[in-house]
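Reviewing the structure listed below.
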Amino acid sequence: MSRPIEDYGFIGNMLSCALVARDGSIDWLCLPRFDSDACFAALLGSKENGCWLITPKEKASRVSRRYRPGTTILETTFETATGAVTLIDFMPLAEDEEHVDVVRIVRGDRGNVEMNMEFVLRFDYGRTVPWVRRTDYGLQAVAGPDAVELRTPVELKGRDMRTFATFSVGAGAQVPFAMTWHPSHRPPTVRWDPARRLNETEKRWRKWSDDCSFAGKKDHPWREAVVRSLVTLKALTFAPTGGIVAAATTSLPEEIGGVRNWDYRYCWIRDATLTLLALLTSGYRDEAKAWREWLLRAAAIHPKQLQIMFGLAGERRLTEIELPWLAGYEGSLPVRVGNAAYDQLQLDVYGEMMDALHVGRKFMLEPSEASWGFQKVLLDDLEKQWREPDDGIWEMRGGRRHFTYSRVMAWVAFDRGVKAVEDYGLSGPVDRWHKVRGEIRDDILANGWNEKRGSFVQYYGGDALDASLLLIPSVGFLPPDDPRVIATVEAIQRDLVEGGLVLRYRPEHAPDGVSGSEGTFLVCSFWLVDALTMIGRIDEAEALFERLLSIRNDLGLLAEEYDPHTGRQLGNFPQAFSHVGLVNSATNLISARGPAEQRAGRAAAEEQP
Ligand SMILES: OC[C@H]1O[C@H](O[C@H]2O[C@H](CO)[C@@H](O)[C@H](O)[C@H]2O)[C@H](O)[C@@H](O)[C@@H]1O
């Protein structure tokens with residue numbers, strides 16, 4: 001199939017989402033949830049693995065696209081020798097979890113354009129051909145538990161297990177198509193009236209995005225980029241539970257042709273927590289509350305069984321398997337679903353959770369008794385295991401180590417516990433937590449700092465650098481003007497920057513148990529923006545931020561990684577981490593003329609036991 005990742009647009013309804021290529025082909029759609037099997041999987045294979053194409057018969061001389069502002073409604077305009085049409089793609093916000101719709105409207109803008117439609121539905125990630133029957137409104141396709149209704153006034157024809165249509169659209173006319181998924185054991189509720197649904201969907205998204213406070217700036221030149229990122233984060237939220245997926249896809253490669261292909265359609269505590277911070281600082285309190293409730297439900301298990309990631313509703317078993325029938329994105333194999341990282345030990349998540357709940361207090365979210373009880377249990381558990389080696393923030397598969405960032409976040413966990421008692425009057429064994437916080441600090445300063453390198457390093461005893469260390473000032477472990485912070489930022493600029501952007505680490509210096517290499521990791525470049533902002537190098541920070549804005553695709557979307565040599569986006573797409581980085585860095589830069597502030601507690605971190 002081979003379309004650049006950045007050629008895709010993203011539409012969604014907070015149950016699931018789809019990727020639409022520039023030529024009007026939907027090549028990725030999982031139904032009924034983000035993490036369900038795909039029924040269009042051409043993205044990771046060929047057309048035969050499922051896609052839905054609506055495109056002019058004759059090659060378009062120009063294609064342009066845009067979102068309706070503040071929404072996930074995508075418009076693609078095709079100009080041909082005979083006229084122009086706009087394809088309007090959207091997923092109406094769901095009324096229940098048993099019907100998920102994709103609506104496509106072809107609007108004639110000028111002249112007359114002949115169009116082709118091809119509908120290739122393949123359940124089970126592109127493997128299962130459904131049983132299709134014609135109906136008076138279009139067709140019904142059934143395969144085991146899944147059923148799809150396709151409704152349109154256009155005449156449909158079946159051939160070679162595909163459905164085709166040709167039609168022409170004149171200026172001012174509209175030709176609609178609506179696809180609805182429902183469980184096959186329930187009768188369909190086929191909703192129609194596409195124009196009304198478009199209107200309703202637009203109104204609901206606009207209402208949400210108009211509420212964005214974005215540092216109080218309605219006319220700031222970065223506002224559009226920030227709102228696009230926030231809408232993307234909101235659209236990656238599974239509305240029924242409040243869980244937030246790390247990205248919309250599985251197995252888009254971190255290296256073209258490589259093996260670093262992972263499934264991100266799950267809720268990582270770390271990613272979701274950072275998403276929450278971005279939403280909160282942009283004025284979205286309801287989302288923060290929903291996330292906190294999600295976390296408390298997902299983590300409502302024995303502390304020993306706490307996981308670093310869960311399914312959308314808190315499911316715990318995310319067994320990783322390979323799908324050998326898919327050829328992979330540009331031959332990048334294997335295609336994986338599930339993610340073996342779910343049973344890793346990543347001690348930083350304790351700090352991420354404690355920090356997010358602390359920020360919730362700072363933003364005066366209603367206090368919750370259950371939440372504080374949970375936090376005390378977390379600290380009891382962490383007290384027993386903070387000295388253990390773990391798999392680290394980057395989920396390495398090469399054996400456990402004493403990662404410096406994991407220790408820093410263990411310090412954050414106790415720091416926020418202490419502050420909850422001292423600043424917010426909550427009850428807890430504060431003297432004990434004070435002591436543990438001090439022990440962790442001494443441990444990090446003695447072992448995480450490498451005198452020979454003149455920098456903090458990825459793990460104790462090693463000399464490899466790691467971009468997560470850029471977060472040391474923003475989480476409050478050391479103040480930004482500490483010479484060790486400045487030296488670490490400068491070492492990372494010297495050794496981990498490739499084409500102006502930041503790598504997580506260099507696998508050749510810090511083996512991670514996976515073969516091959518990868519692109520620059522976008523959230524790490526945003527962390528460099530934040531670190532530079534905090535140490536007062538604002539012009540440099542702003543130049544890097546502008547560069548990052550310039551690598552978004554034409555719709556403002558970012559994948560996980562970027563290859564500065566080929567100019568291609570890499571990895572799962574769109575990715576929450578990257579968009580979180582954009583929102584936080586914009587907020588930090590804008591407030592940099594006053595005190596930059598990303599995380600609660602940072603300001604008070606200088607006084608240490
Ligand atoms: O590259 C190795 C690991 O990559 C994935 O993890 C990355 O994505 C996560 C979700 O955005 C993020 O939380 C993590 O920090 C990143 O390293 C993958 O999910 C792992 O299974 C894989 O080992």
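Going by the structure tokens order, chains are called A, B, ..., each with residues numbered from 1, while ligands are numbered from 1 in the order shown.
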Tell me, which residues of range 39-111 of chain A carry DSSP strand (DSSP E), written as a PyMOL selection string? chain A and resi 39-40+51-56+62-67+74-79+83-90+100-111
Atoms to include: N, CA and C atoms. Write the selected residues as a CSV table (one decimal), in the first residue's frame.
```csv
chain,number,residue,atom,x,y,z
A,39,CYS,N,-11.4,-3.9,10.7
A,39,CYS,CA,-12.1,-4.4,9.6
A,39,CYS,C,-11.6,-3.8,8.3
A,40,PHE,N,-10.8,-2.7,8.4
A,40,PHE,CA,-10.0,-2.1,7.3
A,40,PHE,C,-8.6,-2.1,7.8
A,51,CYS,N,-10.4,-2.0,3.0
A,51,CYS,CA,-10.3,-0.5,2.9
A,51,CYS,C,-11.6,0.0,2.3
A,52,TRP,N,-11.8,1.3,2.3
A,52,TRP,CA,-13.0,1.9,1.8
A,52,TRP,C,-12.6,3.2,1.1
A,53,LEU,N,-12.7,3.1,-0.3
A,53,LEU,CA,-12.1,4.2,-1.1
A,53,LEU,C,-13.3,5.0,-1.7
A,54,ILE,N,-13.2,6.3,-1.6
A,54,ILE,CA,-14.1,7.1,-2.4
A,54,ILE,C,-13.3,8.2,-3.0
A,55,THR,N,-13.2,8.2,-4.3
A,55,THR,CA,-12.2,9.0,-5.0
A,55,THR,C,-12.6,9.4,-6.4
A,56,PRO,N,-12.2,10.5,-7.0
A,56,PRO,CA,-12.6,10.7,-8.4
A,56,PRO,C,-12.0,9.6,-9.4
A,62,ARG,N,-5.2,18.3,-8.1
A,62,ARG,CA,-4.8,18.9,-6.8
A,62,ARG,C,-5.7,18.3,-5.7
A,63,VAL,N,-5.1,18.0,-4.6
A,63,VAL,CA,-5.8,17.5,-3.4
A,63,VAL,C,-5.4,18.4,-2.2
A,64,SER,N,-6.4,18.9,-1.5
A,64,SER,CA,-6.1,19.7,-0.3
A,64,SER,C,-7.0,19.2,0.8
A,65,ARG,N,-6.6,19.3,2.1
A,65,ARG,CA,-7.4,18.8,3.2
A,65,ARG,C,-7.3,19.8,4.3
A,66,ARG,N,-8.3,19.6,5.2
A,66,ARG,CA,-8.4,20.4,6.4
A,66,ARG,C,-9.4,19.8,7.3
A,67,TYR,N,-9.3,20.2,8.6
A,67,TYR,CA,-10.3,19.8,9.5
A,67,TYR,C,-11.3,21.0,9.6
A,74,LEU,N,-13.2,15.7,8.9
A,74,LEU,CA,-12.1,15.9,7.9
A,74,LEU,C,-12.7,16.2,6.5
A,75,GLU,N,-12.2,17.2,5.8
A,75,GLU,CA,-12.6,17.6,4.5
A,75,GLU,C,-11.4,17.4,3.5
A,76,THR,N,-11.7,16.6,2.5
A,76,THR,CA,-10.6,16.5,1.4
A,76,THR,C,-11.2,17.0,0.1
A,77,THR,N,-10.6,18.0,-0.5
A,77,THR,CA,-11.1,18.5,-1.7
A,77,THR,C,-10.2,18.0,-2.9
A,78,PHE,N,-10.9,17.4,-3.9
A,78,PHE,CA,-10.3,16.9,-5.1
A,78,PHE,C,-10.6,17.8,-6.3
A,79,GLU,N,-9.6,18.3,-6.9
A,79,GLU,CA,-9.9,19.1,-8.1
A,79,GLU,C,-9.5,18.3,-9.4
A,83,GLY,N,-14.1,19.5,-12.7
A,83,GLY,CA,-14.7,20.2,-11.6
A,83,GLY,C,-14.0,19.9,-10.2
A,84,ALA,N,-14.7,20.1,-9.2
A,84,ALA,CA,-14.1,19.9,-7.8
A,84,ALA,C,-15.2,19.4,-6.9
A,85,VAL,N,-14.8,18.4,-6.0
A,85,VAL,CA,-15.7,17.9,-5.0
A,85,VAL,C,-14.9,17.9,-3.7
A,86,THR,N,-15.7,17.9,-2.6
A,86,THR,CA,-15.1,17.7,-1.3
A,86,THR,C,-15.7,16.5,-0.6
A,87,LEU,N,-14.8,15.6,-0.1
A,87,LEU,CA,-15.3,14.4,0.6
A,87,LEU,C,-15.2,14.8,2.1
A,88,ILE,N,-16.4,14.7,2.8
A,88,ILE,CA,-16.5,15.1,4.2
A,88,ILE,C,-16.6,13.8,5.0
A,89,ASP,N,-15.6,13.5,5.8
A,89,ASP,CA,-15.5,12.2,6.6
A,89,ASP,C,-15.6,12.5,8.1
A,90,PHE,N,-16.5,11.8,8.7
A,90,PHE,CA,-16.6,11.9,10.2
A,90,PHE,C,-17.2,10.7,10.8
A,100,VAL,N,-21.6,1.9,16.0
A,100,VAL,CA,-20.5,2.9,15.7
A,100,VAL,C,-20.6,3.2,14.2
A,101,ASP,N,-20.6,4.5,13.9
A,101,ASP,CA,-20.9,4.9,12.5
A,101,ASP,C,-19.7,5.6,11.9
A,102,VAL,N,-19.5,5.4,10.6
A,102,VAL,CA,-18.6,6.3,9.8
A,102,VAL,C,-19.5,6.9,8.7
A,103,VAL,N,-19.5,8.2,8.6
A,103,VAL,CA,-20.3,8.8,7.6
A,103,VAL,C,-19.4,9.6,6.6
A,104,ARG,N,-19.7,9.4,5.3
A,104,ARG,CA,-18.9,10.1,4.2
A,104,ARG,C,-19.9,10.8,3.3
A,105,ILE,N,-19.7,12.0,3.1
A,105,ILE,CA,-20.5,12.8,2.2
A,105,ILE,C,-19.7,13.4,1.1
A,106,VAL,N,-20.1,13.2,-0.1
A,106,VAL,CA,-19.4,13.8,-1.2
A,106,VAL,C,-20.2,15.0,-1.7
A,107,ARG,N,-19.5,16.2,-1.5
A,107,ARG,CA,-20.2,17.5,-1.9
A,107,ARG,C,-19.7,18.0,-3.2
A,108,GLY,N,-20.5,18.3,-4.1
A,108,GLY,CA,-20.1,18.9,-5.4
A,108,GLY,C,-19.8,20.4,-5.2
A,109,ASP,N,-18.6,20.8,-5.5
A,109,ASP,CA,-18.2,22.2,-5.4
A,109,ASP,C,-18.2,23.0,-6.7
A,110,ARG,N,-17.9,22.3,-7.8
A,110,ARG,CA,-17.7,23.0,-9.0
A,110,ARG,C,-17.8,22.0,-10.2
A,111,GLY,N,-18.5,22.4,-11.3
A,111,GLY,CA,-18.5,21.5,-12.5
A,111,GLY,C,-19.2,20.2,-12.1
```
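Near ligand 1, at distances of 6 Å or less and with only C-alpha atoms and all ligand atoms counted, sit the residues Ala246, Trp262, Tyr264, Trp268, Arg270, Asp271, Asn339, Ala340, Ala341, Ile393, Trp394, Glu395, Met396 and Arg397 of chain A.
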Would you kindly return, as number ranges by chain, each protein, DNA or RNA residue with an atom no farther than 8 Å from any atom of Arg260 in chain A, considering only C-alpha atoms and excluding same-chain residues fewer than 4 positions away? A: 251, 253-255, 514-516, 518
Write the residues of the selection above to a file with C-alpha atoms, as a PDB file, in the first residue's frame.
```pdb
ATOM      1  CA  SER A 251       2.638  -1.778  14.316  1.00  0.00           C
ATOM      2  CA  PRO A 253       7.214   0.941  12.467  1.00  0.00           C
ATOM      3  CA  GLU A 254       9.816   2.944  14.392  1.00  0.00           C
ATOM      4  CA  GLU A 255      12.175   2.001  11.537  1.00  0.00           C
ATOM      5  CA  VAL A 514      15.414  -5.310  20.278  1.00  0.00           C
ATOM      6  CA  SER A 515      17.307  -5.251  16.988  1.00  0.00           C
ATOM      7  CA  GLY A 516      17.502  -2.308  14.590  1.00  0.00           C
ATOM      8  CA  GLU A 518      14.685   4.093  15.347  1.00  0.00           C
TER       9      GLU A 518
END
```
Once DSSP has gone over the backbone, tell me which residues of range 504-570 of chain A are in helix (DSSP H, G or I), as a count of residues only. 26
Excluding same-chain residues fewer than 4 positions from range 134-146 of chain A, what lies within 9 Å of it counting only C-alpha atoms, as a ChimeraX atom specification? /A:31-32,121-123,128-130,150-156,181-185
Store the residues picked out above, limited to C-alpha atoms, as a tab-separated table (two decimals), in the first residue's frame.
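Saved file selection22.tsv follows:
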```tsv
chain	number	residue	atom	x	y	z
A	31	LEU	CA	-14.79	-1.82	15.42
A	32	PRO	CA	-16.44	-1.33	17.82
A	121	LEU	CA	-14.70	-5.20	4.29
A	122	ARG	CA	-12.42	-7.77	5.98
A	123	PHE	CA	-13.00	-8.56	9.64
A	128	THR	CA	-12.20	-12.75	7.23
A	129	VAL	CA	-14.48	-12.09	4.25
A	130	PRO	CA	-18.04	-11.42	5.50
A	150	LEU	CA	-23.83	0.23	4.45
A	151	ARG	CA	-26.47	2.76	3.52
A	152	THR	CA	-26.44	5.01	0.43
A	153	PRO	CA	-28.79	6.16	-2.36
A	154	VAL	CA	-26.11	5.12	-4.89
A	155	GLU	CA	-26.50	1.79	-6.71
A	156	LEU	CA	-24.04	-0.83	-5.40
A	181	TRP	CA	-21.35	-1.49	12.99
A	182	HIS	CA	-23.57	-3.41	15.41
A	183	PRO	CA	-23.37	-6.79	17.15
A	184	SER	CA	-24.70	-9.37	14.70
A	185	HIS	CA	-27.08	-10.86	17.27
```
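Distance check against Ile535 in chain A using only C-alpha atoms: of A:Val20, A:Val359, A:Ile26, A:Ile472, the minimum falls on A:Ile472.
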Excluding same-chain residues fewer than 2 positions from Leu570 in chain A, what lies within 10 Å of it counting only C-alpha atoms, as a ChimeraX atom specification? /A:4-6,252-256,518-522,558-563,567-568,572-573
Save out the residues we just selected, C-alpha atoms, as an mmCIF file, in the first residue's frame.
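File written: part35.cif
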```
data_model
loop_
_atom_site.group_PDB
_atom_site.id
_atom_site.type_symbol
_atom_site.label_atom_id
_atom_site.label_comp_id
_atom_site.auth_asym_id
_atom_site.auth_seq_id
_atom_site.Cartn_x
_atom_site.Cartn_y
_atom_site.Cartn_z
ATOM 1 C CA PRO A 4 3.615 7.894 3.966
ATOM 2 C CA ILE A 5 2.272 7.883 7.533
ATOM 3 C CA GLU A 6 1.843 11.660 7.357
ATOM 4 C CA LEU A 252 3.434 1.394 12.409
ATOM 5 C CA PRO A 253 7.214 0.941 12.467
ATOM 6 C CA GLU A 254 9.816 2.944 14.392
ATOM 7 C CA GLU A 255 12.175 2.001 11.537
ATOM 8 C CA ILE A 256 10.882 1.363 7.999
ATOM 9 C CA GLU A 518 14.685 4.093 15.347
ATOM 10 C CA GLY A 519 13.877 7.725 14.615
ATOM 11 C CA THR A 520 13.976 10.710 16.913
ATOM 12 C CA PHE A 521 11.313 10.391 19.613
ATOM 13 C CA LEU A 522 9.120 13.467 19.373
ATOM 14 C CA LEU A 558 2.171 13.842 14.812
ATOM 15 C CA ALA A 559 3.286 10.241 15.021
ATOM 16 C CA GLU A 560 5.542 8.943 17.773
ATOM 17 C CA GLU A 561 8.822 9.511 15.923
ATOM 18 C CA TYR A 562 10.382 11.381 13.012
ATOM 19 C CA ASP A 563 13.292 10.618 10.749
ATOM 20 C CA GLY A 567 11.608 13.808 6.558
ATOM 21 C CA ARG A 568 9.131 11.007 7.302
ATOM 22 C CA ASN A 572 2.166 4.771 15.709
ATOM 23 C CA PHE A 573 -0.072 7.604 14.609
#
```
Find the spatial neighbours of Leu233 in chain A, counting only C-alpha atoms, within a cut-off of 9 Å - ignore same-chain residues fewer than 5 positions away - and output them as number ranges by chain. A: 228, 244-245, 275, 279, 575-576, 579-580
If we count only C-alpha atoms, what is near Gly425 in chain A at a cut-off of 12 Å, once residues fewer than 6 positions away on the same chain are taken out, given as a PDB file with N, CA and C atoms, in the first residue's frame?
```
ATOM      1  N   ARG A 361      -5.190  17.850  42.946  1.00  0.00           N
ATOM      2  CA  ARG A 361      -5.459  18.637  44.166  1.00  0.00           C
ATOM      3  C   ARG A 361      -5.183  20.104  43.903  1.00  0.00           C
ATOM      4  N   PRO A 367     -11.910  16.487  46.176  1.00  0.00           N
ATOM      5  CA  PRO A 367     -11.079  15.447  46.787  1.00  0.00           C
ATOM      6  C   PRO A 367     -11.853  14.133  46.859  1.00  0.00           C
ATOM      7  N   TRP A 372      -7.128   9.105  48.020  1.00  0.00           N
ATOM      8  CA  TRP A 372      -6.025   9.271  48.982  1.00  0.00           C
ATOM      9  C   TRP A 372      -5.641   7.925  49.616  1.00  0.00           C
ATOM     10  N   GLY A 417       3.626  12.771  48.159  1.00  0.00           N
ATOM     11  CA  GLY A 417       2.973  12.272  49.379  1.00  0.00           C
ATOM     12  C   GLY A 417       3.225  13.247  50.533  1.00  0.00           C
ATOM     13  N   VAL A 418       4.474  13.661  50.676  1.00  0.00           N
ATOM     14  CA  VAL A 418       4.833  14.600  51.737  1.00  0.00           C
ATOM     15  C   VAL A 418       4.038  15.900  51.569  1.00  0.00           C
ATOM     16  N   LYS A 419       3.964  16.378  50.329  1.00  0.00           N
ATOM     17  CA  LYS A 419       3.269  17.661  50.096  1.00  0.00           C
ATOM     18  C   LYS A 419       1.762  17.547  50.362  1.00  0.00           C
TER      19      LYS A 419
END
```
Find the residue from A:Glu200, A:Asp35, A:Asp512, A:Glu451 that sits nearest to Ala248 in chain A; use only C-alpha atoms when measuring. A:Asp35
One decimal, in Å: what's the spacing between CA of Met115 in chain A and CA of Arg159 in chain A?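 Rounded to one decimal, the two atoms are 17.7 Å apart.
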